[in-house]
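Just query.pdb here, PDB, C-alpha atoms:
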```
ATOM      1  CA  MET V   1       0.000   0.000   0.000
ATOM      2  CA  LYS V   2       1.215   3.476  -0.895
ATOM      3  CA  ILE V   3       1.376   5.726   2.181
ATOM      4  CA  THR V   4       3.036   9.058   2.884
ATOM      5  CA  VAL V   5       5.044   8.909   6.121
ATOM      6  CA  ASN V   6       6.633  12.122   7.382
ATOM      7  CA  GLY V   7       6.295  13.655   3.956
ATOM      8  CA  LYS V   8       7.924  10.746   2.120
ATOM      9  CA  GLN V   9       6.038   8.278  -0.046
ATOM     10  CA  GLU V  10       6.499   4.669   1.077
ATOM     11  CA  GLN V  11       5.310   1.264  -0.111
ATOM     12  CA  LEU V  12       4.363  -0.623   3.066
ATOM     13  CA  GLU V  13       2.409  -3.815   3.721
ATOM     14  CA  VAL V  14       0.463  -2.594   6.751
ATOM     15  CA  GLN V  15      -3.109  -2.443   7.969
ATOM     16  CA  THR V  16      -3.062  -0.290  11.088
ATOM     17  CA  VAL V  17      -1.125   2.644  12.492
ATOM     18  CA  GLU V  18       0.426   0.211  14.940
ATOM     19  CA  ASP V  19       1.876  -1.753  12.005
ATOM     20  CA  ILE V  20       3.531   1.416  10.709
ATOM     21  CA  VAL V  21       4.994   2.252  14.104
ATOM     22  CA  ALA V  22       6.271  -1.326  14.354
ATOM     23  CA  HIS V  23       7.755  -1.139  10.851
ATOM     24  CA  TYR V  24      10.047   1.655  12.064
ATOM     25  CA  ALA V  25      10.615  -0.086  15.431
ATOM     26  CA  LEU V  26       9.252   2.896  17.335
ATOM     27  CA  GLN V  27       6.795   1.087  19.656
ATOM     28  CA  GLU V  28       8.878   1.785  22.750
ATOM     29  CA  LYS V  29       9.705   5.377  21.814
ATOM     30  CA  PRO V  30       7.894   8.440  23.160
ATOM     31  CA  ILE V  31       6.371   9.388  19.813
ATOM     32  CA  VAL V  32       3.018  10.798  18.764
ATOM     33  CA  VAL V  33       1.173   9.777  15.610
ATOM     34  CA  GLU V  34      -1.119  11.848  13.447
ATOM     35  CA  ALA V  35      -3.078   9.908  10.826
ATOM     36  CA  ASP V  36      -4.790  11.901   8.086
ATOM     37  CA  GLY V  37      -4.893  14.998  10.241
ATOM     38  CA  ILE V  38      -6.201  13.254  13.374
ATOM     39  CA  VAL V  39      -3.931  13.100  16.420
ATOM     40  CA  LEU V  40      -4.100   9.613  17.925
ATOM     41  CA  LYS V  41      -3.788   8.391  21.467
ATOM     42  CA  ARG V  42      -1.403   5.482  21.824
ATOM     43  CA  GLU V  43      -4.274   3.091  22.568
ATOM     44  CA  GLN V  44      -5.865   4.005  19.216
ATOM     45  CA  TRP V  45      -2.865   2.853  17.165
ATOM     46  CA  ALA V  46      -3.981  -0.774  16.912
ATOM     47  CA  THR V  47      -7.538   0.080  15.909
ATOM     48  CA  THR V  48      -6.822   2.878  13.430
ATOM     49  CA  LEU V  49      -6.794   1.491   9.893
ATOM     50  CA  VAL V  50      -4.668   3.069   7.190
ATOM     51  CA  ARG V  51      -5.703   3.180   3.577
ATOM     52  CA  GLU V  52      -4.131   3.892   0.207
ATOM     53  CA  ASP V  53      -2.668   7.427   0.204
ATOM     54  CA  SER V  54      -2.974   7.901   3.971
ATOM     55  CA  LYS V  55      -0.777  10.640   5.360
ATOM     56  CA  ILE V  56       0.997   9.660   8.555
ATOM     57  CA  GLU V  57       3.124  11.905  10.758
ATOM     58  CA  LEU V  58       5.412  10.434  13.405
ATOM     59  CA  VAL V  59       6.683  13.177  15.709
ATOM     60  CA  HIS V  60       8.507  13.534  19.000
ATOM     61  CA  PHE V  61      10.003  16.062  21.413
ATOM     62  CA  VAL V  62      13.342  17.569  20.421
ATOM     63  CA  GLY V  63      15.498  20.235  22.024
ATOM     64  CA  GLY V  64      14.027  23.717  21.715
ATOM     65  CA  GLY V  65      13.508  26.993  23.486
TER
ATOM     66  CA  MET P  66      11.123  36.161  54.453
ATOM     67  CA  LYS P  67       8.212  33.987  53.366
ATOM     68  CA  LYS P  68       9.045  31.581  50.558
ATOM     69  CA  ASP P  69       8.789  33.547  47.325
ATOM     70  CA  THR P  70       6.788  31.206  45.101
ATOM     71  CA  TRP P  71       4.509  31.823  42.151
ATOM     72  CA  GLN P  72       1.938  29.895  40.163
ATOM     73  CA  ILE P  73       1.032  29.018  36.597
ATOM     74  CA  GLY P  74      -2.052  26.955  35.804
ATOM     75  CA  GLY P  75      -2.281  25.733  39.390
ATOM     76  CA  ARG P  76       1.355  24.591  39.488
ATOM     77  CA  GLU P  77       3.415  26.208  42.232
ATOM     78  CA  LEU P  78       6.902  27.218  41.117
ATOM     79  CA  THR P  79       9.953  28.232  43.101
ATOM     80  CA  SER P  80      12.410  28.738  40.251
ATOM     81  CA  ARG P  81      11.868  31.745  37.994
ATOM     82  CA  LEU P  82      13.967  30.388  35.135
ATOM     83  CA  PHE P  83      12.411  28.397  32.303
ATOM     84  CA  LEU P  84      15.225  26.696  30.414
ATOM     85  CA  GLY P  85      15.224  25.664  26.761
ATOM     86  CA  THR P  86      16.755  22.341  25.744
ATOM     87  CA  GLY P  87      18.140  23.183  22.310
ATOM     88  CA  LEU P  88      21.718  23.819  21.179
ATOM     89  CA  PHE P  89      23.580  22.236  24.106
ATOM     90  CA  PRO P  90      26.919  20.697  23.104
ATOM     91  CA  ASN P  91      25.951  17.271  24.463
ATOM     92  CA  PRO P  92      23.427  15.554  26.781
ATOM     93  CA  TYR P  93      25.802  15.518  29.754
ATOM     94  CA  VAL P  94      26.415  19.269  29.676
ATOM     95  CA  GLN P  95      22.688  19.818  29.194
ATOM     96  CA  GLN P  96      21.809  17.692  32.211
ATOM     97  CA  GLU P  97      24.347  19.420  34.419
ATOM     98  CA  ALA P  98      23.265  22.859  33.187
ATOM     99  CA  ILE P  99      19.634  22.049  33.985
ATOM    100  CA  LYS P 100      20.690  21.053  37.503
ATOM    101  CA  ALA P 101      22.802  24.171  37.964
ATOM    102  CA  SER P 102      20.000  26.427  36.689
ATOM    103  CA  GLY P 103      17.491  25.153  39.246
ATOM    104  CA  ALA P 104      14.854  25.252  36.478
ATOM    105  CA  GLU P 105      11.575  23.443  37.137
ATOM    106  CA  VAL P 106      10.137  24.085  33.677
ATOM    107  CA  LEU P 107      11.893  22.886  30.507
ATOM    108  CA  THR P 108      10.928  23.772  26.958
ATOM    109  CA  PHE P 109      10.977  21.528  23.899
ATOM    110  CA  ALA P 110      10.026  21.611  20.242
ATOM    111  CA  ILE P 111       7.994  19.050  18.295
ATOM    112  CA  ARG P 112       9.524  17.654  15.110
ATOM    113  CA  ARG P 113       9.189  14.709  12.759
ATOM    114  CA  VAL P 114      11.042  11.582  13.816
ATOM    115  CA  ASN P 115      14.014  11.078  11.508
ATOM    116  CA  LEU P 116      13.096   7.736   9.967
ATOM    117  CA  SER P 117      16.344   7.278   8.090
ATOM    118  CA  ALA P 118      18.556   7.486  11.179
ATOM    119  CA  ALA P 119      19.207   4.047  12.635
ATOM    120  CA  GLU P 120      18.866   5.248  16.224
ATOM    121  CA  ASP P 121      16.969   8.513  16.442
ATOM    122  CA  ASP P 122      18.002   9.726  19.825
ATOM    123  CA  SER P 123      15.069  11.031  21.866
ATOM    124  CA  ILE P 124      15.921  13.998  24.032
ATOM    125  CA  LEU P 125      13.601  12.703  26.735
ATOM    126  CA  GLN P 126      15.855   9.773  27.561
ATOM    127  CA  HIS P 127      18.305  12.263  29.047
ATOM    128  CA  ILE P 128      15.733  14.089  31.173
ATOM    129  CA  GLU P 129      14.626  12.767  34.532
ATOM    130  CA  GLN P 130      10.928  11.963  34.163
ATOM    131  CA  GLY P 131       8.531  13.513  36.650
ATOM    132  CA  ALA P 132      11.048  16.028  37.948
ATOM    133  CA  PHE P 133      10.044  18.847  35.576
ATOM    134  CA  THR P 134       7.054  20.505  33.986
ATOM    135  CA  PHE P 135       7.402  20.235  30.219
ATOM    136  CA  LEU P 136       6.587  23.258  28.096
ATOM    137  CA  PRO P 137       6.510  22.186  24.440
ATOM    138  CA  ASN P 138       6.465  24.999  21.897
ATOM    139  CA  THR P 139       4.784  25.373  18.526
ATOM    140  CA  SER P 140       7.917  26.567  16.735
ATOM    141  CA  GLY P 141       7.767  25.932  13.029
ATOM    142  CA  ALA P 142       4.193  27.206  12.899
ATOM    143  CA  SER P 143       3.463  30.304  10.839
ATOM    144  CA  THR P 144      -0.311  30.316  11.329
ATOM    145  CA  ALA P 145      -2.702  29.761  14.235
ATOM    146  CA  ASP P 146      -3.980  26.547  12.630
ATOM    147  CA  GLU P 147      -0.471  25.099  12.417
ATOM    148  CA  ALA P 148       0.199  26.058  16.028
ATOM    149  CA  VAL P 149      -3.025  24.393  17.183
ATOM    150  CA  ARG P 150      -2.072  21.236  15.288
ATOM    151  CA  ILE P 151       1.381  21.115  16.901
ATOM    152  CA  ALA P 152      -0.151  21.771  20.320
ATOM    153  CA  ARG P 153      -2.510  18.812  19.922
ATOM    154  CA  LEU P 154       0.410  16.588  18.916
ATOM    155  CA  ALA P 155       2.357  17.765  21.950
ATOM    156  CA  ARG P 156      -0.498  17.050  24.332
ATOM    157  CA  ALA P 157      -1.065  13.577  22.850
ATOM    158  CA  SER P 158       2.387  12.679  24.173
ATOM    159  CA  GLY P 159       0.743  12.543  27.590
ATOM    160  CA  LEU P 160       3.673  14.511  28.965
ATOM    161  CA  SER P 161       2.081  17.944  29.380
ATOM    162  CA  ASP P 162      -0.936  20.076  28.624
ATOM    163  CA  TRP P 163       1.149  23.252  28.767
ATOM    164  CA  ILE P 164       1.910  24.864  25.437
ATOM    165  CA  LYS P 165       4.095  27.777  24.420
ATOM    166  CA  VAL P 166       2.425  29.376  21.418
ATOM    167  CA  GLU P 167       5.212  30.417  19.068
ATOM    168  CA  ILE P 168       4.177  31.569  15.618
ATOM    169  CA  SER P 169       6.782  33.201  13.389
ATOM    170  CA  ALA P 170       5.890  34.721  10.068
ATOM    171  CA  ASN P 171       9.328  36.108   9.238
ATOM    172  CA  GLU P 172      12.359  33.841   8.913
ATOM    173  CA  ARG P 173      14.929  36.567   9.432
ATOM    174  CA  THR P 174      13.590  37.990  12.690
ATOM    175  CA  LEU P 175      11.455  35.055  13.905
ATOM    176  CA  LEU P 176       9.306  37.743  15.482
ATOM    177  CA  PRO P 177       5.923  36.423  16.601
ATOM    178  CA  ASP P 178       2.853  37.113  14.467
ATOM    179  CA  PRO P 179       0.607  38.905  16.968
ATOM    180  CA  ILE P 180      -2.710  38.267  15.232
ATOM    181  CA  GLU P 181      -2.132  34.563  14.688
ATOM    182  CA  THR P 182      -0.781  34.268  18.241
ATOM    183  CA  LEU P 183      -3.978  35.723  19.678
ATOM    184  CA  ARG P 184      -6.120  33.435  17.502
ATOM    185  CA  ALA P 185      -4.174  30.340  18.534
ATOM    186  CA  THR P 186      -4.338  31.342  22.197
ATOM    187  CA  GLU P 187      -8.120  31.699  22.050
ATOM    188  CA  GLN P 188      -8.517  28.284  20.409
ATOM    189  CA  LEU P 189      -6.105  26.429  22.691
ATOM    190  CA  VAL P 190      -7.657  27.910  25.838
ATOM    191  CA  LYS P 191     -11.013  26.592  24.565
ATOM    192  CA  GLU P 192      -9.440  23.157  24.194
ATOM    193  CA  GLY P 193      -8.258  23.179  27.798
ATOM    194  CA  PHE P 194      -4.529  23.777  27.330
ATOM    195  CA  THR P 195      -2.452  25.819  29.761
ATOM    196  CA  VAL P 196      -1.385  28.429  27.230
ATOM    197  CA  LEU P 197       1.767  30.548  27.441
ATOM    198  CA  PRO P 198       1.994  32.701  24.320
ATOM    199  CA  TYR P 199       5.347  34.083  23.187
ATOM    200  CA  THR P 200       4.537  37.521  21.853
ATOM    201  CA  THR P 201       5.848  40.940  20.935
ATOM    202  CA  ASP P 202       6.366  43.395  23.789
ATOM    203  CA  ASP P 203       3.193  45.363  23.060
ATOM    204  CA  PRO P 204       1.343  46.205  26.297
ATOM    205  CA  ILE P 205      -2.126  46.165  24.726
ATOM    206  CA  LEU P 206      -1.522  42.872  22.947
ATOM    207  CA  CYS P 207      -0.232  41.302  26.171
ATOM    208  CA  LYS P 208      -3.433  42.397  27.912
ATOM    209  CA  ARG P 209      -5.522  40.953  25.100
ATOM    210  CA  LEU P 210      -3.723  37.614  25.422
ATOM    211  CA  GLU P 211      -4.412  37.617  29.143
ATOM    212  CA  GLU P 212      -8.094  38.330  28.473
ATOM    213  CA  ALA P 213      -8.117  35.437  25.986
ATOM    214  CA  GLY P 214      -7.199  33.150  28.862
ATOM    215  CA  ALA P 215      -3.403  32.844  28.679
ATOM    216  CA  ALA P 216      -2.027  31.359  31.908
ATOM    217  CA  ALA P 217       1.061  33.553  31.543
ATOM    218  CA  VAL P 218       2.149  35.988  28.843
ATOM    219  CA  MET P 219       5.684  35.906  27.441
ATOM    220  CA  PRO P 220       6.812  39.079  25.677
ATOM    221  CA  GLY P 221      10.173  38.893  23.919
ATOM    222  CA  GLY P 222      13.093  41.030  25.037
ATOM    223  CA  ALA P 223      14.637  40.929  21.542
ATOM    224  CA  PRO P 224      14.504  38.508  18.584
ATOM    225  CA  ILE P 225      15.232  34.864  19.411
ATOM    226  CA  GLY P 226      18.890  33.988  19.816
ATOM    227  CA  THR P 227      20.192  37.531  19.339
ATOM    228  CA  GLY P 228      21.364  38.161  22.905
ATOM    229  CA  LEU P 229      20.499  41.836  22.462
ATOM    230  CA  GLY P 230      18.796  42.021  25.856
ATOM    231  CA  ILE P 231      15.624  43.947  26.643
ATOM    232  CA  LEU P 232      15.216  46.417  23.776
ATOM    233  CA  ASN P 233      12.208  48.156  25.309
ATOM    234  CA  PRO P 234      12.327  48.080  29.104
ATOM    235  CA  TYR P 235       9.634  50.765  29.234
ATOM    236  CA  HIS P 236       7.170  48.402  27.559
ATOM    237  CA  ILE P 237       8.122  45.415  29.712
ATOM    238  CA  GLY P 238       7.574  47.569  32.812
ATOM    239  CA  LEU P 239       4.160  48.700  31.559
ATOM    240  CA  ILE P 240       3.154  45.130  30.684
ATOM    241  CA  VAL P 241       3.982  44.035  34.240
ATOM    242  CA  GLU P 242       2.032  46.936  35.753
ATOM    243  CA  GLU P 243      -1.085  46.057  33.785
ATOM    244  CA  ALA P 244      -0.940  42.276  34.139
ATOM    245  CA  SER P 245      -2.906  39.996  36.416
ATOM    246  CA  VAL P 246      -1.172  36.844  35.145
ATOM    247  CA  PRO P 247       2.569  36.123  35.364
ATOM    248  CA  ILE P 248       4.735  37.905  32.788
ATOM    249  CA  ILE P 249       7.789  35.995  31.552
ATOM    250  CA  VAL P 250      10.424  37.632  29.367
ATOM    251  CA  ASP P 251      11.113  35.119  26.631
ATOM    252  CA  ALA P 252      13.821  35.372  23.986
ATOM    253  CA  GLY P 253      16.631  37.743  23.134
ATOM    254  CA  LEU P 254      18.390  37.824  26.497
ATOM    255  CA  GLY P 255      22.152  37.436  26.486
ATOM    256  CA  SER P 256      23.682  37.895  29.883
ATOM    257  CA  VAL P 257      23.129  37.957  33.628
ATOM    258  CA  ALA P 258      22.727  41.742  33.404
ATOM    259  CA  ASP P 259      19.723  41.191  31.128
ATOM    260  CA  VAL P 260      17.979  38.731  33.441
ATOM    261  CA  ALA P 261      18.628  40.933  36.466
ATOM    262  CA  GLN P 262      17.123  43.867  34.558
ATOM    263  CA  ALA P 263      14.083  41.769  33.617
ATOM    264  CA  MET P 264      13.511  40.774  37.229
ATOM    265  CA  GLU P 265      13.982  44.353  38.432
ATOM    266  CA  LEU P 266      11.276  45.402  35.991
ATOM    267  CA  GLY P 267       8.990  43.106  37.953
ATOM    268  CA  VAL P 268       8.494  40.156  35.638
ATOM    269  CA  SER P 269       7.684  36.824  37.276
ATOM    270  CA  GLY P 270      10.290  34.863  35.356
ATOM    271  CA  VAL P 271      12.472  34.545  32.280
ATOM    272  CA  LEU P 272      12.711  31.905  29.569
ATOM    273  CA  MET P 273      16.037  31.382  27.856
ATOM    274  CA  ASN P 274      17.973  28.832  25.910
ATOM    275  CA  THR P 275      20.801  30.190  23.736
ATOM    276  CA  PRO P 276      22.570  32.313  26.418
ATOM    277  CA  VAL P 277      23.077  29.177  28.525
ATOM    278  CA  ALA P 278      23.461  26.513  25.846
ATOM    279  CA  LYS P 279      25.923  28.502  23.718
ATOM    280  CA  ALA P 280      27.967  30.025  26.549
ATOM    281  CA  ARG P 281      31.599  28.908  26.616
ATOM    282  CA  ASP P 282      30.749  27.080  29.854
ATOM    283  CA  PRO P 283      26.993  26.344  29.845
ATOM    284  CA  ILE P 284      26.966  24.769  33.313
ATOM    285  CA  LEU P 285      28.628  27.767  34.924
ATOM    286  CA  MET P 286      26.399  30.171  32.992
ATOM    287  CA  ALA P 287      23.293  28.262  34.125
ATOM    288  CA  ARG P 288      24.321  28.898  37.717
ATOM    289  CA  ALA P 289      25.108  32.548  36.963
ATOM    290  CA  MET P 290      21.637  33.011  35.472
ATOM    291  CA  ARG P 291      19.999  31.410  38.507
ATOM    292  CA  LEU P 292      21.859  33.785  40.823
ATOM    293  CA  GLY P 293      21.178  36.787  38.562
ATOM    294  CA  ILE P 294      17.462  36.059  38.624
ATOM    295  CA  GLU P 295      17.505  35.712  42.384
ATOM    296  CA  ALA P 296      19.422  38.979  42.793
ATOM    297  CA  GLY P 297      17.116  40.835  40.402
ATOM    298  CA  ARG P 298      14.053  39.484  42.154
ATOM    299  CA  LEU P 299      15.315  40.538  45.592
ATOM    300  CA  SER P 300      16.183  43.957  44.226
ATOM    301  CA  TYR P 301      12.667  44.333  42.809
ATOM    302  CA  LEU P 302      11.122  43.317  46.132
ATOM    303  CA  SER P 303      13.442  45.652  48.045
ATOM    304  CA  GLY P 304      12.557  48.779  46.069
ATOM    305  CA  ARG P 305      15.472  50.578  44.490
ATOM    306  CA  ILE P 306      16.287  54.233  45.219
ATOM    307  CA  ALA P 307      15.055  56.973  42.926
ATOM    308  CA  LYS P 308      17.554  58.362  40.413
ATOM    309  CA  LYS P 309      18.723  61.936  41.190
ATOM    310  CA  LYS P 310      20.687  64.430  39.148
ATOM    311  CA  TYR P 311      23.084  65.613  41.892
ATOM    312  CA  ALA P 312      25.049  64.005  44.709
ATOM    313  CA  THR P 313      23.773  63.268  48.189
ATOM    314  CA  ALA P 314      26.504  62.735  50.784
ATOM    315  CA  SER P 315      26.234  59.450  52.595
ATOM    316  CA  SER P 316      27.371  60.947  55.923
ATOM    317  CA  GLY P 317      25.897  64.461  55.924
ATOM    318  CA  PHE P 318      27.959  67.663  56.296
ATOM    319  CA  ASP P 319      27.328  68.753  59.884
ATOM    320  CA  ALA P 320      29.216  66.249  61.998
ATOM    321  CA  LEU P 321      32.664  67.798  61.866
ATOM    322  CA  LYS P 322      33.598  71.216  60.510
ATOM    323  CA  LEU P 323      37.283  71.839  60.051
ATOM    324  CA  SER P 324      37.951  75.527  59.499
TER
END
```
Any chance you could put this one into structure tokens?
Amino acid sequence: MKITVNGKQEQLEVQTVEDIVAHYALQEKPIVVEADGIVLKREQWATTLVREDSKIELVHFVGGG
Amino acid sequence: MKKDTWQIGGRELTSRLFLGTGLFPNPYVQQEAIKASGAEVLTFAIRRVNLSAAEDDSILQHIEQGAFTFLPNTSGASTADEAVRIARLARASGLSDWIKVEISANERTLLPDPIETLRATEQLVKEGFTVLPYTTDDPILCKRLEEAGAAAVMPGGAPIGTGLGILNPYHIGLIVEEASVPIIVDAGLGSVADVAQAMELGVSGVLMNTPVAKARDPILMARAMRLGIEAGRLSYLSGRIAKKKYATASSGFDALKLS
């Protein structure tokens, strides 16, 4: 399935947001996911389905002032 | 003297220094500088995870969990809508519902867009965030942000990272006089003299990053800033003397006349 992750187009065999997070081995990291403009709680990852052309953002805290 | 604490969004604070977490030479120096600063509130930015780096190092692994209040910012936003989106992402981390609204519309100055900042503040207050907008040092705008429900208002001293100090102390003083929420000078400070001046103008606290992180010795500078803030605060509470044009002898003239 063709999905845009952090602005980059990817070809991934995934069904849920959790699958995407797992693909990048980020399950244990303090990240936040936005799927098609909706900010998800961690417990929603497994139940949120992705579809062709979904736009996924994986973000986290970085140093800043 | 009674303990000199203050409050934001129901959280009682002792330290008056909010410290940014960017630009430090390495995690060890950052950790030690945070300790030396006495800061209880740390700021962060929200960015995309770098998916091509094998081990994308999270800044949070170097920060003791539970010991600090986290103040994520909306840097990178140039509109209210973008700031609201970043704020929601930050809150979904479960780490904090505080948000520093930071909306820059000009890359060269990074000065905050006042209209978008007010719009974002209104929206985020509605959504239940504890909102601390970074704004220009306009007294009327600062009042409007307070009326919109900001938990504290953070006028800039000078553009971010410039170290120019407080360019308009008259305005900062006026903003403090008019405010009923804490005023925090955010951005543009460079030295201990600047933070002492801010505190003497009566602000509740200062937020800084570059002056500590980019000092030759960040850990030592963090301590200097802590002491400068304390000194400035005590000076403000003590009430400085009025300025006069001519001299006043410290001992009087009458005690001993030699003629």
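Taking only C-alpha atoms into account, the polymer residues that have an atom no farther than 7 Å from (14.0, 14.0, 22.1) are His60, Phe61, Val62 and Gly63 of chain V; Asp122, Ser123, Ile124 and Leu125 of chain P.
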For this session: Counting only C-alpha atoms, figure out which residue out of V:Arg51, V:His23, V:Arg42, V:Lys29 gets nearest to Lys2 in chain V.
Result: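 Checking each of V:Arg51, V:His23, V:Arg42, V:Lys29 against Lys2 in chain V, counting only C-alpha atoms, the winner is V:Arg51.
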Problem set entry | Residue contacts of Leu49 in chain V (9 Å, only C-alpha atoms) excluding same-chain residues fewer than 5 positions away, as a list of chain:residue names | V:Val14, V:Gln15, V:Thr16, V:Val17, V:Glu18
Problem set entry | Shell around range 184-186 of chain P at 9 Å using all atoms listed in the file, local window under 2 positions removed, as a list in words | Thr144, Ala145, Asp146, Glu147, Ala148, Val149, Val166, Ile168, Pro179, Ile180, Glu181, Thr182, Gln188, Leu189, Val190, Lys191, Val196, Leu197, Pro198, Leu210, Ala213, Gly214 and Ala215 of chain P
Problem set entry | Non-local contacts of range 269-271 of chain P (8 Å; all atoms listed in the file; under 2 positions in same chain excluded) as a ChimeraX atom specification | /P:71,81-83,247-251,260,263-264,267,273,294
For this session: Could you state which residues are captured by the ChimeraX specification (/V :<7) & /P in this file, as a PyMOL selection string?
Result: chain P and resi 85-87+108-114+123-124+153-154+157-158+273-274
Exercise. Which neighbours of range 173-177 of chain P fall inside 10 Å, counting only C-alpha atoms, when residues of the same chain fewer than 3 positions from it are skipped, and could you give them as a PyMOL selection string?
Worked result: chain P and resi 140-141+143+166-170+180-182+198-201+220-221+223-227+252
Keeping only C-alpha atoms, take the residues you just selected and write them out as an mmCIF file, keeping the file's coordinate frame.
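To be explicit, this is the file written out as part14.cif:
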```cif
data_model
loop_
_atom_site.group_PDB
_atom_site.id
_atom_site.type_symbol
_atom_site.label_atom_id
_atom_site.label_comp_id
_atom_site.auth_asym_id
_atom_site.auth_seq_id
_atom_site.Cartn_x
_atom_site.Cartn_y
_atom_site.Cartn_z
ATOM 1 C CA SER P 140 7.917 26.567 16.735
ATOM 2 C CA GLY P 141 7.767 25.932 13.029
ATOM 3 C CA SER P 143 3.463 30.304 10.839
ATOM 4 C CA VAL P 166 2.425 29.376 21.418
ATOM 5 C CA GLU P 167 5.212 30.417 19.068
ATOM 6 C CA ILE P 168 4.177 31.569 15.618
ATOM 7 C CA SER P 169 6.782 33.201 13.389
ATOM 8 C CA ALA P 170 5.890 34.721 10.068
ATOM 9 C CA ILE P 180 -2.710 38.267 15.232
ATOM 10 C CA GLU P 181 -2.132 34.563 14.688
ATOM 11 C CA THR P 182 -0.781 34.268 18.241
ATOM 12 C CA PRO P 198 1.994 32.701 24.320
ATOM 13 C CA TYR P 199 5.347 34.083 23.187
ATOM 14 C CA THR P 200 4.537 37.521 21.853
ATOM 15 C CA THR P 201 5.848 40.940 20.935
ATOM 16 C CA PRO P 220 6.812 39.079 25.677
ATOM 17 C CA GLY P 221 10.173 38.893 23.919
ATOM 18 C CA ALA P 223 14.637 40.929 21.542
ATOM 19 C CA PRO P 224 14.504 38.508 18.584
ATOM 20 C CA ILE P 225 15.232 34.864 19.411
ATOM 21 C CA GLY P 226 18.890 33.988 19.816
ATOM 22 C CA THR P 227 20.192 37.531 19.339
ATOM 23 C CA ALA P 252 13.821 35.372 23.986
#
```
Which residues are near Glu243 in chain P? Cut-off 10 Å, all atoms listed in the file, ignore same chain within fewer than 5 positions. Put them as a compact mmCIF listing (two decimals) with C-alpha atoms, in the frame of the given file.
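Here's the written file result_20.txt:
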```
# COMPACT_ATOMS: atom_id res chain seq x y z
CA PRO P 204 1.34 46.20 26.30
CA ILE P 205 -2.13 46.16 24.73
CA CYS P 207 -0.23 41.30 26.17
CA LYS P 208 -3.43 42.40 27.91
CA GLY P 238 7.57 47.57 32.81
```
Exercise. Residues picked by the PyMOL selection byres ((chain P and resi 276) around 9) here, as a PyMOL selection string?
Worked result: chain P and resi 226+228+253-256+273-275+277-280+283+286-287
Seminar exercise, completed: note - CA of Glu28 in chain V and CA of Leu160 in chain P are separated by 15.1 Å
Listed atoms of range 31-37 of chain V boxed axis-aligned with 5 Å per side, centre + edges as lines of an AutoDock Vina configuration file:
```
center_x = 0.7
center_y = 12.2
center_z = 13.9
size_x = 21.3
size_y = 15.6
size_z = 21.7
```
